[in-house]
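This report concerns only the one structure given below.
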Amino acid sequence: IHSLSSNRTSIDDMISGRYNYGKSEISANVRYIQRKGDWTREYDERFIFPDNELHRLETGEPTLFNKKLLASNLNYTLQEKGKYLFNAQFRYTLQDNPAGYEDRKSKLYTSDSDIPVSIYDHTQERNHLPSLDLYYQQNLKNDQRLIFNLVGTYIKSSNTRIYQEKQEGIANTELYSDIAGKKYSLIAEGIYEKKLGQGTLTGGLRHMQSYTDNRYEGEDVMNVLLKQAESYAYTEYKGKIQNWGYIANLSLNRFYYSQRDNHSERYGFQPSLLVSYNPVDNLHFRYHINLKNNAPSIAYLNDVEQRIDILQTRRGNPDLKSFRSTIQDFNAIFSTGIFSIDALVSYAYEKNPIMESVIYEEGMFIHTYENQKSFQHLAAEVTFKIKPWKDHISLSVTPGINRYISTGNNYLHTYTLKELRINLDASYKNWLLSFMTITPPNRYVYSEQLLKGDLMHTLMIGYKQPAWSIMAGIHNPFMKTYRSENANWSALNPVKSDIHSTNMSNTIVVKFNFNLNFGRQYKGANKGIQNIDTDSGILQGTKE
C-alpha cells in the first residue's frame, strides 16, 4: 500500500512465499512500513507555582517525522494431519525512527519575558528484536491434545534525545540523553486439552522471565537492572447445552519484580466467563466478563529521571503495584433478510490503576506514575446494516457514545464522547468500491489526559482478478488540514496541544495484491497460541 503526496510518504509493503514438500513446509515473509512527513506542534501550557503562575505559549513550525519498521520471519513446519505439528519460527524486527512523532521546532512566548525562545526537540530511536519461537502440538488418543511453546527474545535499544532553548541566538538550555538498553526474555507455555462430550477441558501453565539492563547517560549516568517474572496456572471449560454456550476460565497468576534492593511479589485470581444464547437462528445474545490482574510496565518501574525541559521531569516509580480490572460486555444481534442490528454495551472498571501524577518539588514539576483510585469506561453502540442488492452493496451506520470517569488520588475527570461511523462497500462483477468515515475524531480519556484520534475519511475504487487486485483512492478528501487536539487537565500543569499537518489529507492511496500459486496446494494447521515480547522497558523524557 502506498500513499502518495508531495510532502508525505506512507508505505506498507509485504512479500511472502512458501515451499512445501512431503510433510514439511518452509515459508518466509518480509513487511516494510514507513511513515514520513511533517507535523506542526503547538502548546498552550501553564505552570502553577506556590506563589505565582507562568504561562508558556508555543507557536510551532513544520517538523519532520520519519518512522520505519522492518518485520520479517522465517518458518519451518513439519506436520502430519491429525497427529502432530512442529513449527520453528525465527523473527527479526527493526524499528528505526530517525525522527520521532514528538520532535518539534517552535517559538516559545512566556508571560515573564518579552523575548521569544526558539525550541528544538529531536529524538532518534532504534530497536533490534530477534526472537526464536518453537511450537509443538501433539494429538493423543481419546480426544486429547498437548501443546508446548518456547519463545526467546533479545531486544537491543538505543534512544538519543536533544532538547535546546535559544534566546536571541544564544543557547540558555541544552538537555541531552543517551539511553542504551538490552533485554533478554524467555516465555514458556504448556497446555493440555481434552474433549468431554460436547465440551472441552483445558489446563495450562505459562511463565515469562526477563532481565533488562538499561544505561542512561545525560546529566547523570545510571545503570538500571530489572528482573521481572510473570507466571500463570489456568484451567478452562468450554461447553454447550441446547441453545446455550459457555466458556469458564480461572487462572492464578504471580508477578515478581526486583531492582536493586527493591522487590515486589503479588498473587491474584483471574476468572472469566462467556455465555452465549441463540433462541432462534436470527437472534444471538452474548455476555462476557473478565477479571484481570494487570502488572506495571517495566518502563514505569524504572528508578530513573528524564528531563523533559527546563521546568519538567519524568520520573519512574519502583513502588508501583499491580492492579485489578473488570471488563464486561453484552452483545445482541438480530438479522432478517437484507437488514441486521448489532447492539453492544461494555463497561470497564480499574481499581487502583497506574496513572500519571504531577507533583511540584523545588521549582520542578515532576511527571510520575502512581496507583490512583479508579478508572471507568462505559460505552454503547448500535450498528444498523443493510444489503439492498444481495452481496453487491453493504451499508452500515454505527452511532455510539462513550463515558469516561478518571478518579485519581487528587483529581476527578469526566468526559462524554458521541461518535458516528459509516461504511459502504459495493462490488459489481470485478469492480470494487469502498467508503469509510469516522466523525468526530476518536477520543480517549485516561488519567488526566484527553487523547484525540484520527478524523478519517477514505474513498477507494478497485478491480480484482483471481490472482491479483488493485485499488486506488484518497484519504481525507474533505479535509485541508489534519488536526489532533489533546489536553492534560493537571491542576499544577494544565496543557492544551494542537498537532496539525497540511500534508496528511488529500493523500492518494494505491493498494496492489498479487498471488502466484503453482504445484501442489498445501493447507497448514494454525498454531494454538502466540507468544511475543516487544517491551524494551525504557523510560523516555519526550513531551507528550
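Every chain in the C-alpha cells has a letter given in the order shown (A, B, ...), and although residue numbers restart at 1 in each chain, ligands are simply numbered from 1 in the order shown.
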
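Contact shell of A:His377 at 10 Å (only C-alpha atoms; same-chain neighbours under 5 positions omitted): Ile327, Ser346, Tyr347, Ala348, Tyr349, Glu350, Asn402, Arg403, Tyr404, Ile405, Ser406, Thr414, Tyr415, Thr416, Tyr444, Val445 and Tyr446 of chain A.
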
Could you please write out, as an NGL selection string, every residue of stretch 81-197 of chain A that DSSP assigns to strand (DSSP E)? :A and (84-99 or 104-110 or 117-140 or 144-167 or 170-196)

List as a compact mmCIF listing (two decimals) with N, CA, C and O atoms, in the first residue's frame the protein and nucleic acid residues near stretch 360-366 of chain A, meaning an atom at most 9 Å away when only C-alpha atoms are counted, but skip any in the same chain fewer than 2 places from it.
# COMPACT_ATOMS: atom_id res chain seq x y z
N PHE A 47 2.03 26.70 34.27
CA PHE A 47 2.71 26.12 35.43
C PHE A 47 2.26 26.89 36.67
O PHE A 47 2.46 28.10 36.77
N PHE A 49 2.86 27.65 40.18
CA PHE A 49 3.80 27.64 41.29
C PHE A 49 3.06 27.97 42.60
O PHE A 49 1.93 28.45 42.57
N PRO A 50 3.69 27.72 43.74
CA PRO A 50 3.03 28.04 45.02
C PRO A 50 2.66 29.51 45.15
O PRO A 50 1.66 29.84 45.80
N ILE A 310 13.17 22.63 30.81
CA ILE A 310 13.78 23.34 31.93
C ILE A 310 12.92 23.29 33.19
O ILE A 310 13.42 23.46 34.31
N LEU A 311 11.61 23.03 33.04
CA LEU A 311 10.70 23.05 34.19
C LEU A 311 10.10 21.68 34.52
O LEU A 311 9.45 21.54 35.57
N GLN A 312 10.30 20.67 33.68
CA GLN A 312 9.60 19.40 33.85
C GLN A 312 10.56 18.20 33.79
O GLN A 312 11.53 18.22 33.03
N THR A 313 10.22 17.19 34.58
CA THR A 313 10.98 15.96 34.63
C THR A 313 10.02 14.77 34.66
O THR A 313 8.98 14.83 35.32
N ARG A 314 10.39 13.71 33.95
CA ARG A 314 9.62 12.47 34.01
C ARG A 314 10.38 11.50 34.92
O ARG A 314 11.57 11.28 34.76
N ARG A 315 9.65 10.89 35.85
CA ARG A 315 10.27 10.03 36.86
C ARG A 315 9.54 8.69 36.95
O ARG A 315 8.31 8.64 36.97
N SER A 357 0.74 11.24 37.68
CA SER A 357 0.55 12.30 38.66
C SER A 357 1.59 13.39 38.39
O SER A 357 2.69 13.10 37.93
N VAL A 358 1.21 14.63 38.66
CA VAL A 358 2.15 15.76 38.55
C VAL A 358 2.32 16.34 39.95
O VAL A 358 1.34 16.72 40.60
N THR A 368 5.14 11.74 37.19
CA THR A 368 5.46 10.38 37.62
C THR A 368 4.21 9.52 37.55
O THR A 368 3.16 9.95 37.05
N LEU A 492 -1.67 21.35 38.47
CA LEU A 492 -0.41 22.07 38.55
C LEU A 492 0.16 22.42 37.19
O LEU A 492 0.90 23.40 37.05
N ASN A 493 -0.18 21.62 36.16
CA ASN A 493 0.42 21.82 34.84
C ASN A 493 -0.60 21.53 33.74
O ASN A 493 -0.46 20.59 32.97

Please indicate the distance in Å from atom CA of A:Gln228 to atom CA of A:Tyr256, rounded to one decimal place. 5.6 Å

Spatial neighbours of A:Leu320, 10 Å, only C-alpha atoms, chain gap at least 4 places, as a list in words: Ser264, Ala295, Pro296, Ser297, Ile298, Tyr300, Leu301, Gly316, Pro353, Ile354, Tyr369, Glu370 and Asn371 of chain A

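Excluding A:Ser106 and any residue on its chain fewer than 3 positions from it, the residues at most 12 Å away by only C-alpha atoms are Trp39, Thr40, Arg41, Glu42, Tyr43, Arg56, Leu57, Glu58, Thr59, Gly60, Glu61, Pro62, Thr63, Asp103, Tyr109, Pro116, Val117, Ser118, Ile119, Tyr120, Asp121, His122, Tyr163, Gln164, Glu165 and Lys166 of chain A.
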
Kindly save the residues from that selection, with C-alpha atoms included, as a PDB file, in the first residue's frame.
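Once everything was written out, this is result39.pdb:
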ATOM      1  CA  TRP A  39       3.866  17.849  11.983  1.00  0.00           C
ATOM      2  CA  THR A  40       3.418  21.251  13.482  1.00  0.00           C
ATOM      3  CA  ARG A  41       3.183  21.027  17.276  1.00  0.00           C
ATOM      4  CA  GLU A  42       1.802  23.898  19.346  1.00  0.00           C
ATOM      5  CA  TYR A  43       1.241  24.089  23.104  1.00  0.00           C
ATOM      6  CA  ARG A  56       4.009  29.417  28.111  1.00  0.00           C
ATOM      7  CA  LEU A  57       2.651  29.556  24.552  1.00  0.00           C
ATOM      8  CA  GLU A  58       4.423  27.702  21.724  1.00  0.00           C
ATOM      9  CA  THR A  59       3.904  28.577  18.072  1.00  0.00           C
ATOM     10  CA  GLY A  60       5.141  25.628  16.043  1.00  0.00           C
ATOM     11  CA  GLU A  61       6.966  25.188  12.761  1.00  0.00           C
ATOM     12  CA  PRO A  62       6.642  22.182  10.390  1.00  0.00           C
ATOM     13  CA  THR A  63       8.954  19.463  11.749  1.00  0.00           C
ATOM     14  CA  ASP A 103      10.025  16.127  17.517  1.00  0.00           C
ATOM     15  CA  TYR A 109       6.405  33.052  24.344  1.00  0.00           C
ATOM     16  CA  PRO A 116      10.667  34.710  22.461  1.00  0.00           C
ATOM     17  CA  VAL A 117      12.629  31.470  22.870  1.00  0.00           C
ATOM     18  CA  SER A 118      13.451  29.112  19.991  1.00  0.00           C
ATOM     19  CA  ILE A 119      12.885  25.429  20.845  1.00  0.00           C
ATOM     20  CA  TYR A 120      14.450  22.440  19.129  1.00  0.00           C
ATOM     21  CA  ASP A 121      13.453  18.945  20.294  1.00  0.00           C
ATOM     22  CA  HIS A 122      14.731  15.861  18.440  1.00  0.00           C
ATOM     23  CA  TYR A 163      16.460  19.485  23.626  1.00  0.00           C
ATOM     24  CA  GLN A 164      17.593  23.101  23.157  1.00  0.00           C
ATOM     25  CA  GLU A 165      16.229  26.529  24.057  1.00  0.00           C
ATOM     26  CA  LYS A 166      17.805  29.609  22.464  1.00  0.00           C
TER      27      LYS A 166
END

Interatomic distance (Å, one decimal) between atom CA of A:Met460 and atom CA of A:Leu433: 5.8 Å

Just the number, please: distance in Å from atom CA of A:Leu459 to atom CA of A:Thr437, one decimal. 8.9 Å

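Compared by their closest atoms to A:Tyr176, and using only C-alpha atoms, the residues A:Asp309, A:Asp51, A:Glu230, A:Asp96 rank with A:Asp309 nearest.
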
I'd like a table as a Markdown table: residues in stretch 87-155 of chain A with an atom no more than 12 Å from stretch 529-535 of chain A, each row giving the shortest atom pair and its distance in Å to one decimal, only C-alpha atoms counted, sorted by chain and rising residue number.
| residue | atom | partner | partner_atom | distance |
| --- | --- | --- | --- | --- |
| A:Asn87 | CA | A:Gln530 | CA | 11.8 |
| A:Gln89 | CA | A:Gln530 | CA | 11.3 |
| A:Phe90 | CA | A:Ile532 | CA | 11.8 |
| A:Arg91 | CA | A:Ile532 | CA | 10.0 |
| A:Tyr92 | CA | A:Thr534 | CA | 11.3 |
| A:Thr93 | CA | A:Thr534 | CA | 9.6 |
| A:Leu94 | CA | A:Thr534 | CA | 11.2 |
| A:Gln95 | CA | A:Thr534 | CA | 10.7 |
| A:Asn127 | CA | A:Thr534 | CA | 9.7 |
| A:His128 | CA | A:Thr534 | CA | 10.0 |
| A:Leu129 | CA | A:Thr534 | CA | 7.5 |
| A:Pro130 | CA | A:Thr534 | CA | 10.1 |
| A:Ser131 | CA | A:Ile532 | CA | 8.5 |
| A:Leu132 | CA | A:Ile532 | CA | 9.8 |
| A:Asp133 | CA | A:Asn531 | CA | 8.2 |
| A:Leu134 | CA | A:Asn531 | CA | 10.2 |
| A:Tyr135 | CA | A:Ile529 | CA | 8.8 |
| A:Tyr136 | CA | A:Ile529 | CA | 10.5 |
| A:Gln137 | CA | A:Ile529 | CA | 10.3 |
| A:Leu146 | CA | A:Ile529 | CA | 11.9 |
| A:Ile147 | CA | A:Ile529 | CA | 8.7 |
| A:Phe148 | CA | A:Ile529 | CA | 9.2 |
| A:Asn149 | CA | A:Ile529 | CA | 7.9 |
| A:Leu150 | CA | A:Asn531 | CA | 8.4 |
| A:Val151 | CA | A:Asn531 | CA | 6.9 |
| A:Gly152 | CA | A:Ile532 | CA | 8.7 |
| A:Thr153 | CA | A:Asp533 | CA | 6.8 |
| A:Tyr154 | CA | A:Asp533 | CA | 8.9 |
| A:Ile155 | CA | A:Thr534 | CA | 7.6 |

Go ahead and write the residues just picked, C-alpha atoms, as a short mmCIF file (atom, residue, chain, number, x, y, z; two decimals), in the first residue's frame.
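Below is the file out-v2.cif, written as the result:
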data_model
loop_
_atom_site.label_atom_id
_atom_site.label_comp_id
_atom_site.auth_asym_id
_atom_site.auth_seq_id
_atom_site.Cartn_x
_atom_site.Cartn_y
_atom_site.Cartn_z
CA ASN A 87 6.84 -25.13 13.96
CA GLN A 89 9.99 -19.56 13.60
CA PHE A 90 12.81 -17.04 13.59
CA ARG A 91 11.58 -13.44 13.74
CA TYR A 92 13.57 -10.27 13.28
CA THR A 93 12.13 -6.78 13.69
CA LEU A 94 13.92 -3.48 13.18
CA GLN A 95 12.28 -0.30 14.48
CA ASN A 127 15.43 -1.13 18.29
CA HIS A 128 16.57 -4.58 17.17
CA LEU A 129 14.30 -7.51 18.12
CA PRO A 130 15.41 -11.00 17.08
CA SER A 131 13.46 -13.93 18.57
CA LEU A 132 13.17 -17.71 18.22
CA ASP A 133 9.75 -19.33 18.62
CA LEU A 134 9.46 -23.14 18.97
CA TYR A 135 6.00 -24.71 18.94
CA TYR A 136 4.93 -28.36 19.22
CA GLN A 137 1.41 -29.79 19.19
CA LEU A 146 -0.73 -31.36 24.22
CA ILE A 147 0.80 -28.01 23.22
CA PHE A 148 4.25 -26.67 24.12
CA ASN A 149 5.63 -23.25 23.21
CA LEU A 150 9.04 -21.72 23.96
CA VAL A 151 9.96 -18.16 22.86
CA GLY A 152 13.31 -16.48 23.46
CA THR A 153 13.73 -12.78 22.65
CA TYR A 154 16.59 -10.29 22.71
CA ILE A 155 15.85 -6.56 22.46
#

For A:Leu64, list every protein, DNA or RNA residue within 12 Å, evaluated using only C-alpha atoms, and leave out those in the same chain fewer than 3 positions away; present the list as a short mmCIF file (atom, residue, chain, number, x, y, z; two decimals) with all heavy atoms, in the first residue's frame.
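What ended up in result_14.cif:
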data_model
loop_
_atom_site.label_atom_id
_atom_site.label_comp_id
_atom_site.auth_asym_id
_atom_site.auth_seq_id
_atom_site.Cartn_x
_atom_site.Cartn_y
_atom_site.Cartn_z
N ASN A 7 4.46 16.00 0.02
CA ASN A 7 5.31 16.16 1.20
C ASN A 7 5.18 15.01 2.19
O ASN A 7 5.61 15.13 3.33
CB ASN A 7 4.95 17.47 1.92
CG ASN A 7 5.19 18.68 1.05
OD1 ASN A 7 6.23 18.81 0.42
ND2 ASN A 7 4.20 19.56 0.99
N ARG A 8 4.59 13.89 1.78
CA ARG A 8 4.35 12.81 2.72
C ARG A 8 4.59 11.46 2.06
O ARG A 8 4.27 11.26 0.89
CB ARG A 8 2.91 12.87 3.23
CG ARG A 8 2.57 11.77 4.24
CD ARG A 8 1.17 11.99 4.80
NE ARG A 8 0.85 11.00 5.81
CZ ARG A 8 0.05 9.96 5.61
NH1 ARG A 8 -0.51 9.78 4.43
NH2 ARG A 8 -0.19 9.10 6.58
N THR A 9 5.18 10.55 2.83
CA THR A 9 5.40 9.18 2.37
C THR A 9 4.73 8.23 3.35
O THR A 9 4.94 8.32 4.55
CB THR A 9 6.90 8.86 2.30
OG1 THR A 9 7.54 9.74 1.38
CG2 THR A 9 7.12 7.42 1.85
N ARG A 35 6.37 5.76 7.65
CA ARG A 35 5.53 6.96 7.75
C ARG A 35 6.46 8.17 7.84
O ARG A 35 7.24 8.28 8.78
CB ARG A 35 4.63 6.91 8.98
CG ARG A 35 3.72 5.68 9.03
CD ARG A 35 2.63 5.76 7.98
NE ARG A 35 1.70 4.63 8.10
CZ ARG A 35 1.76 3.52 7.39
NH1 ARG A 35 2.72 3.39 6.47
NH2 ARG A 35 0.89 2.55 7.56
N LYS A 36 6.39 9.04 6.84
CA LYS A 36 7.29 10.19 6.78
C LYS A 36 6.50 11.41 6.33
O LYS A 36 5.72 11.34 5.38
CB LYS A 36 8.44 9.91 5.81
CG LYS A 36 9.48 11.03 5.72
CD LYS A 36 10.58 10.65 4.74
CE LYS A 36 11.62 11.75 4.62
NZ LYS A 36 12.67 11.43 3.64
N GLY A 37 6.71 12.50 7.00
CA GLY A 37 6.03 13.75 6.66
C GLY A 37 6.43 14.82 7.64
O GLY A 37 7.56 14.82 8.14
N ASP A 38 5.54 15.73 7.93
CA ASP A 38 5.85 16.73 8.94
C ASP A 38 4.61 17.06 9.76
O ASP A 38 3.48 16.99 9.28
CB ASP A 38 6.45 18.00 8.33
CG ASP A 38 5.50 18.72 7.38
OD1 ASP A 38 4.41 19.11 7.81
OD2 ASP A 38 5.85 18.89 6.20
N TRP A 39 4.87 17.36 11.04
CA TRP A 39 3.87 17.85 11.98
C TRP A 39 4.21 19.28 12.35
O TRP A 39 5.36 19.69 12.31
CB TRP A 39 3.88 17.04 13.29
CG TRP A 39 3.47 15.61 13.24
CD1 TRP A 39 4.29 14.53 13.36
CD2 TRP A 39 2.16 15.09 13.12
NE1 TRP A 39 3.57 13.37 13.32
CE2 TRP A 39 2.24 13.70 13.18
CE3 TRP A 39 0.90 15.69 12.98
CZ2 TRP A 39 1.12 12.88 13.09
CZ3 TRP A 39 -0.21 14.88 12.89
CH2 TRP A 39 -0.09 13.48 12.95
N THR A 40 3.21 19.99 12.79
CA THR A 40 3.42 21.25 13.48
C THR A 40 2.80 21.10 14.86
O THR A 40 1.60 20.84 14.99
CB THR A 40 2.76 22.42 12.74
OG1 THR A 40 3.36 22.55 11.44
CG2 THR A 40 2.97 23.73 13.50
N ARG A 41 3.64 21.22 15.89
CA ARG A 41 3.18 21.03 17.28
C ARG A 41 3.13 22.37 17.99
O ARG A 41 4.11 23.12 17.97
CB ARG A 41 4.12 20.08 18.03
CG ARG A 41 4.02 18.65 17.57
CD ARG A 41 4.97 17.74 18.35
NE ARG A 41 4.65 16.35 18.09
CZ ARG A 41 3.84 15.60 18.83
NH1 ARG A 41 3.27 16.15 19.90
NH2 ARG A 41 3.59 14.35 18.53
N GLU A 61 6.53 25.19 14.15
CA GLU A 61 6.97 25.19 12.76
C GLU A 61 6.88 23.75 12.24
O GLU A 61 7.01 22.80 13.02
CB GLU A 61 8.41 25.68 12.64
CG GLU A 61 8.65 27.07 13.20
CD GLU A 61 10.12 27.44 13.19
OE1 GLU A 61 10.91 26.69 12.56
OE2 GLU A 61 10.50 28.44 13.81
N LYS A 67 9.42 7.44 10.60
CA LYS A 67 9.41 6.19 11.35
C LYS A 67 9.38 5.03 10.36
O LYS A 67 8.55 5.00 9.44
CB LYS A 67 8.22 6.13 12.30
CG LYS A 67 8.13 7.31 13.26
CD LYS A 67 7.15 7.07 14.38
CE LYS A 67 7.72 6.14 15.42
NZ LYS A 67 6.90 6.06 16.64
N ASN A 97 13.60 4.85 13.88
CA ASN A 97 12.91 6.13 13.89
C ASN A 97 13.92 7.27 13.89
O ASN A 97 14.32 7.75 14.96
CB ASN A 97 12.00 6.24 15.13
CG ASN A 97 11.03 5.09 15.24
OD1 ASN A 97 10.57 4.56 14.22
ND2 ASN A 97 10.71 4.68 16.45
N PRO A 98 14.39 7.69 12.71
CA PRO A 98 15.37 8.79 12.68
C PRO A 98 14.82 10.10 13.22
O PRO A 98 15.58 10.95 13.69
CB PRO A 98 15.71 8.91 11.18
CG PRO A 98 15.25 7.63 10.56
CD PRO A 98 14.10 7.16 11.37
N ALA A 99 13.50 10.27 13.14
CA ALA A 99 12.86 11.49 13.65
C ALA A 99 11.50 11.10 14.22
O ALA A 99 10.65 10.61 13.48
CB ALA A 99 12.70 12.54 12.55
N GLY A 100 11.31 11.28 15.52
CA GLY A 100 10.12 10.81 16.18
C GLY A 100 8.92 11.72 15.98
O GLY A 100 9.03 12.89 15.59
N TYR A 101 7.73 11.19 16.28
CA TYR A 101 6.50 11.97 16.22
C TYR A 101 6.55 13.16 17.19
O TYR A 101 5.90 14.17 16.98
CB TYR A 101 5.29 11.10 16.59
CG TYR A 101 4.84 10.17 15.49
CD1 TYR A 101 4.68 8.81 15.72
CD2 TYR A 101 4.55 10.66 14.21
CE1 TYR A 101 4.25 7.96 14.72
CE2 TYR A 101 4.13 9.80 13.21
CZ TYR A 101 3.99 8.45 13.47
OH TYR A 101 3.57 7.61 12.48
N GLU A 102 7.31 13.02 18.29
CA GLU A 102 7.35 14.06 19.32
C GLU A 102 8.30 15.20 18.98
O GLU A 102 8.38 16.19 19.70
CB GLU A 102 7.75 13.45 20.67
CG GLU A 102 6.80 12.37 21.18
CD GLU A 102 7.07 11.01 20.56
OE1 GLU A 102 8.07 10.87 19.81
OE2 GLU A 102 6.28 10.08 20.80
N ASP A 103 9.09 15.07 17.89
CA ASP A 103 10.03 16.13 17.52
C ASP A 103 9.28 17.43 17.24
O ASP A 103 8.16 17.43 16.72
CB ASP A 103 10.81 15.72 16.27
CG ASP A 103 11.87 14.67 16.59
OD1 ASP A 103 11.89 14.17 17.72
OD2 ASP A 103 12.68 14.38 15.70
N ARG A 104 9.96 18.55 17.55
CA ARG A 104 9.32 19.83 17.27
C ARG A 104 10.32 20.96 17.17
O ARG A 104 11.39 20.92 17.78
CB ARG A 104 8.27 20.16 18.33
CG ARG A 104 8.80 20.58 19.69
CD ARG A 104 7.65 20.62 20.69
NE ARG A 104 7.91 21.40 21.89
CZ ARG A 104 8.50 20.93 22.97
NH1 ARG A 104 8.95 19.68 23.00
NH2 ARG A 104 8.66 21.71 24.04
N LYS A 105 9.94 21.97 16.39
CA LYS A 105 10.60 23.26 16.34
C LYS A 105 9.52 24.30 16.60
O LYS A 105 8.45 24.24 15.99
CB LYS A 105 11.26 23.51 14.98
CG LYS A 105 12.33 22.50 14.60
CD LYS A 105 12.83 22.76 13.18
CE LYS A 105 13.81 21.70 12.73
NZ LYS A 105 14.21 21.92 11.31
N TYR A 120 14.12 23.55 20.03
CA TYR A 120 14.45 22.44 19.13
C TYR A 120 14.44 21.16 19.96
O TYR A 120 15.14 21.05 20.95
CB TYR A 120 15.83 22.65 18.50
CG TYR A 120 16.34 21.46 17.71
CD1 TYR A 120 15.84 21.20 16.43
CD2 TYR A 120 17.30 20.61 18.23
CE1 TYR A 120 16.31 20.11 15.70
CE2 TYR A 120 17.77 19.52 17.52
CZ TYR A 120 17.28 19.28 16.25
OH TYR A 120 17.72 18.21 15.53
N ASP A 121 13.59 20.20 19.56
CA ASP A 121 13.45 18.95 20.29
C ASP A 121 13.52 17.81 19.29
O ASP A 121 12.67 17.70 18.39
CB ASP A 121 12.11 18.93 21.04
CG ASP A 121 12.02 17.81 22.06
OD1 ASP A 121 12.93 16.97 22.10
OD2 ASP A 121 11.02 17.78 22.82
N HIS A 122 14.52 16.93 19.42
CA HIS A 122 14.73 15.86 18.44
C HIS A 122 15.10 14.57 19.15
O HIS A 122 15.98 14.55 20.02
CB HIS A 122 15.84 16.24 17.46
CG HIS A 122 16.23 15.12 16.54
ND1 HIS A 122 15.36 14.57 15.63
CD2 HIS A 122 17.40 14.44 16.40
CE1 HIS A 122 15.99 13.61 14.96
NE2 HIS A 122 17.22 13.51 15.41
N THR A 123 14.41 13.49 18.78
CA THR A 123 14.68 12.16 19.33
C THR A 123 14.94 11.18 18.20
O THR A 123 14.22 11.17 17.19
CB THR A 123 13.48 11.65 20.17
OG1 THR A 123 13.26 12.54 21.26
CG2 THR A 123 13.76 10.26 20.71
N GLN A 124 15.98 10.38 18.37
CA GLN A 124 16.31 9.33 17.41
C GLN A 124 16.32 7.99 18.15
O GLN A 124 16.95 7.86 19.20
CB GLN A 124 17.66 9.59 16.77
CG GLN A 124 18.04 8.59 15.68
CD GLN A 124 19.31 8.99 14.95
OE1 GLN A 124 19.78 10.13 15.08
NE2 GLN A 124 19.87 8.09 14.18
N SER A 501 -1.16 19.11 10.43
CA SER A 501 -0.34 18.95 9.24
C SER A 501 -1.21 19.16 8.01
O SER A 501 -2.36 18.72 7.97
CB SER A 501 0.29 17.56 9.19
OG SER A 501 1.00 17.37 7.98
N ASN A 503 -0.15 18.08 5.02
CA ASN A 503 0.12 17.02 4.04
C ASN A 503 -0.39 15.65 4.50
O ASN A 503 0.02 14.64 3.97
CB ASN A 503 1.61 16.93 3.70
CG ASN A 503 2.48 16.71 4.93
OD1 ASN A 503 2.13 15.93 5.81
ND2 ASN A 503 3.60 17.39 4.99
#

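Of the residues under consideration (A:Phe86, A:Phe375, A:Trp244, A:Tyr257), A:Trp244 shows the shortest atom-to-atom contact distance to A:Pro279 when counting only C-alpha atoms.
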